[in-house]
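*Asks:* One structure is given below, represented as C-alpha cells, and several questions about it will come after.
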Amino acid sequence: MERTPLIQLQDVTKLFESKNGTVKALDNINLTVDKGDIFGIIGLSGAGKSTLVRCMNLLEKPTFGKVMIGDKNLLELNEKELNTTRHQISMIFQHFNLLMQKTVIENICFPLEIIGVPKKEAEEKARELLEVVELSEKENAYPSQLSGGQKQRVAIARALASSPQVILCDEATSALDPKTTKSILQLLESINKKYGITIVIITHEMKVVQQVCHKVAIIDRGKVVEQGNVGEIFAKPQTDVAKKLILPFETGTEDFKGSKSKFIRIVFDEQAAIEPIVSKMTLACNSFVNIVYANMQRVDGRPHGQMIIQLDDDEFKAARQLGFLKSFGDRIKFEEVKEIEDVEGVE
C-alpha cells in the first residue's frame, strides 16, 4: 500500500547555548512519519527525544534543517500561517496540563474558544469527545477529582477538539500505572483507526512502542541511530542502545558475571511459538540449556516471543546447540547477547 508522508524532518539540528558552551541536542535528524501511522520515538533519558517532538510543531525552533508538515516547511511560515498549521497538530503531555480551575467540559472547550468557536457548538463537540474517551459522566468534575488515567483521557479529548491531523504524545503514559497505560494506548489506537489521525509517541519504554506503534525511530545522544518497522527492530536490533531498550535484563544479572557460557536471544513469531525448541535442543544435542528469560507479547499487533538462554559451558556442546538453532533457517531468529551484565532494562 502506498504511503503518504505527512511529517518530514530533514537534517534537523538543534543547538542550545549554556554556560559551558554549545550543546547539540539534535544532530542532523532525518525521519519521515507517514499519514495514518502510529510512530514511536524512543530513547534513554537525555537522548533528545522530547526536544525532537517539540521541533515537530516548532515549540522548539531548529537551528538548522526543515520541518515539513505535508508540503509546508514550518520554518518558512509567518506567525499567522504557523498558528493556523499548529491547530492541526495537537499535543498530549506526561502531566496532563489541564486547567485546574476549569471543569472537564470547560477544559475540552478551551482550544475551541481560542479559535472562536461559539460556546454552544464547542460544548456539543466536547460532549461528543467525552463519549469517545468514555468520560461522559465526568463533564462537570474538576481535574482534582479525577484519577491519572481519567485526566489523560480528558487531555486526549481536548487534543481531539480541533480535529487535528497529528497528535504528538510526549511521555503521555509515563505517569500512569501499567494497567492504565494499556487502556490509554488502546484508546489512542482506536482513535488512530477511527479517525485516521497520525500519532507520534515519545517514550522511554519499549513495551509502549511494541503495543501500538507501526514504526519506530531510536534516538541516542541527539542522533537517530536506528529506525524501521517495530517488528523488524524487535527481532533484530542493530545498535547497542536498541538492544538495551529491547532486552529485558534488570538488576540481578550480576549473578551471571564471570560465566564463560554464551547467552543467546531467540526471537519467534506465533508460528514458531508452538514449537518446543528448547526441549528439542536438549534431546538432539544431549546437553542442557539454562532459560534466563522468556515471554510472549504483541508487537505491532502480532504475537512475538523472545527467550534468553545460556548455552552449555562446554564449547563443543555449545557449538552443537548453535548448529541446532541454525537448522531452523528463517523460522526463528537468534543472536548472541554479549556482556550480559551490562544490559539493563528500562522502566
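A note on labels: chains of the C-alpha cells are A, B, ... as shown, every chain counts residues from 1, and ligands are counted from 1 in their shown order.
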Which residues come within 12 Å of Leu160 in chain A, counting only C-alpha atoms, excluding same-chain residues fewer than 2 positions away, as a PyMOL selection string?
*Replies:* chain A and resi 87-92+107-112+125-130+132-133+153-158+162-168+188+191-192+195-199
*Asks:* Enumerate, as number ranges by chain, the complete set of residues in range 97-246 of chain A that a backbone-based DSSP assignment places in alpha helix (DSSP H).
*Replies:* A: 104-114, 119-132, 148-160, 178-195, 206-212, 230-235, 240-246
*Asks:* Env of range 309-317 of chain A: 9 Å cut, atoms = only C-alpha atoms, seq-sep filter 5 positions within chain, self excluded. Answer as a PyMOL selection string.
*Replies:* chain A and resi 259-266+278+285-294+322
*Asks:* Store the residues picked out above in a file with C-alpha atoms, as an mmCIF file, in the first residue's frame.
*Replies:*
data_model
loop_
_atom_site.group_PDB
_atom_site.id
_atom_site.type_symbol
_atom_site.label_atom_id
_atom_site.label_comp_id
_atom_site.auth_asym_id
_atom_site.auth_seq_id
_atom_site.Cartn_x
_atom_site.Cartn_y
_atom_site.Cartn_z
ATOM 1 C CA SER A 259 30.370 -17.123 33.281
ATOM 2 C CA LYS A 260 32.106 -18.302 30.121
ATOM 3 C CA SER A 261 28.860 -19.557 28.596
ATOM 4 C CA LYS A 262 27.292 -17.826 25.646
ATOM 5 C CA PHE A 263 23.918 -16.161 26.032
ATOM 6 C CA ILE A 264 21.588 -16.381 23.039
ATOM 7 C CA ARG A 265 18.472 -14.348 22.385
ATOM 8 C CA ILE A 266 15.884 -16.260 20.360
ATOM 9 C CA VAL A 278 14.464 -25.865 23.977
ATOM 10 C CA CYS A 285 22.340 -32.189 21.499
ATOM 11 C CA ASN A 286 22.291 -34.309 24.668
ATOM 12 C CA SER A 287 23.047 -31.222 26.727
ATOM 13 C CA PHE A 288 21.150 -28.766 28.833
ATOM 14 C CA VAL A 289 20.467 -25.053 28.486
ATOM 15 C CA ASN A 290 19.565 -22.532 31.147
ATOM 16 C CA ILE A 291 16.497 -20.392 30.382
ATOM 17 C CA VAL A 292 17.346 -16.941 31.713
ATOM 18 C CA TYR A 293 14.238 -15.167 30.448
ATOM 19 C CA ALA A 294 11.181 -15.855 28.268
ATOM 20 C CA LEU A 322 24.139 -23.220 17.890
#
*Asks:* Could you check which of A:Pro276, A:His95, A:Ser147, A:Glu106 is closest to Thr173 in chain A, using only C-alpha atoms?
*Replies:*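 Answer, going by the shortest atom-to-atom distance: A:His95.
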*Asks:* Which residues are near Val224 in chain A? Cut-off 7 Å, only C-alpha atoms, ignore same chain within fewer than 6 positions. Put them as a PDB file with N, CA and C atoms, in the first residue's frame.
*Replies:*
ATOM      1  N   ILE A  29      18.975  15.230  12.224  1.00  0.00           N
ATOM      2  CA  ILE A  29      17.888  14.249  12.280  1.00  0.00           C
ATOM      3  C   ILE A  29      17.147  14.193  10.942  1.00  0.00           C
ATOM      4  N   ALA A 217      11.621   5.058  15.631  1.00  0.00           N
ATOM      5  CA  ALA A 217      12.968   5.610  15.480  1.00  0.00           C
ATOM      6  C   ALA A 217      13.613   5.606  16.854  1.00  0.00           C
ATOM      7  N   ILE A 218      14.827   5.113  16.927  1.00  0.00           N
ATOM      8  CA  ILE A 218      15.566   5.077  18.191  1.00  0.00           C
ATOM      9  C   ILE A 218      16.585   6.203  18.168  1.00  0.00           C
TER      10      ILE A 218
END
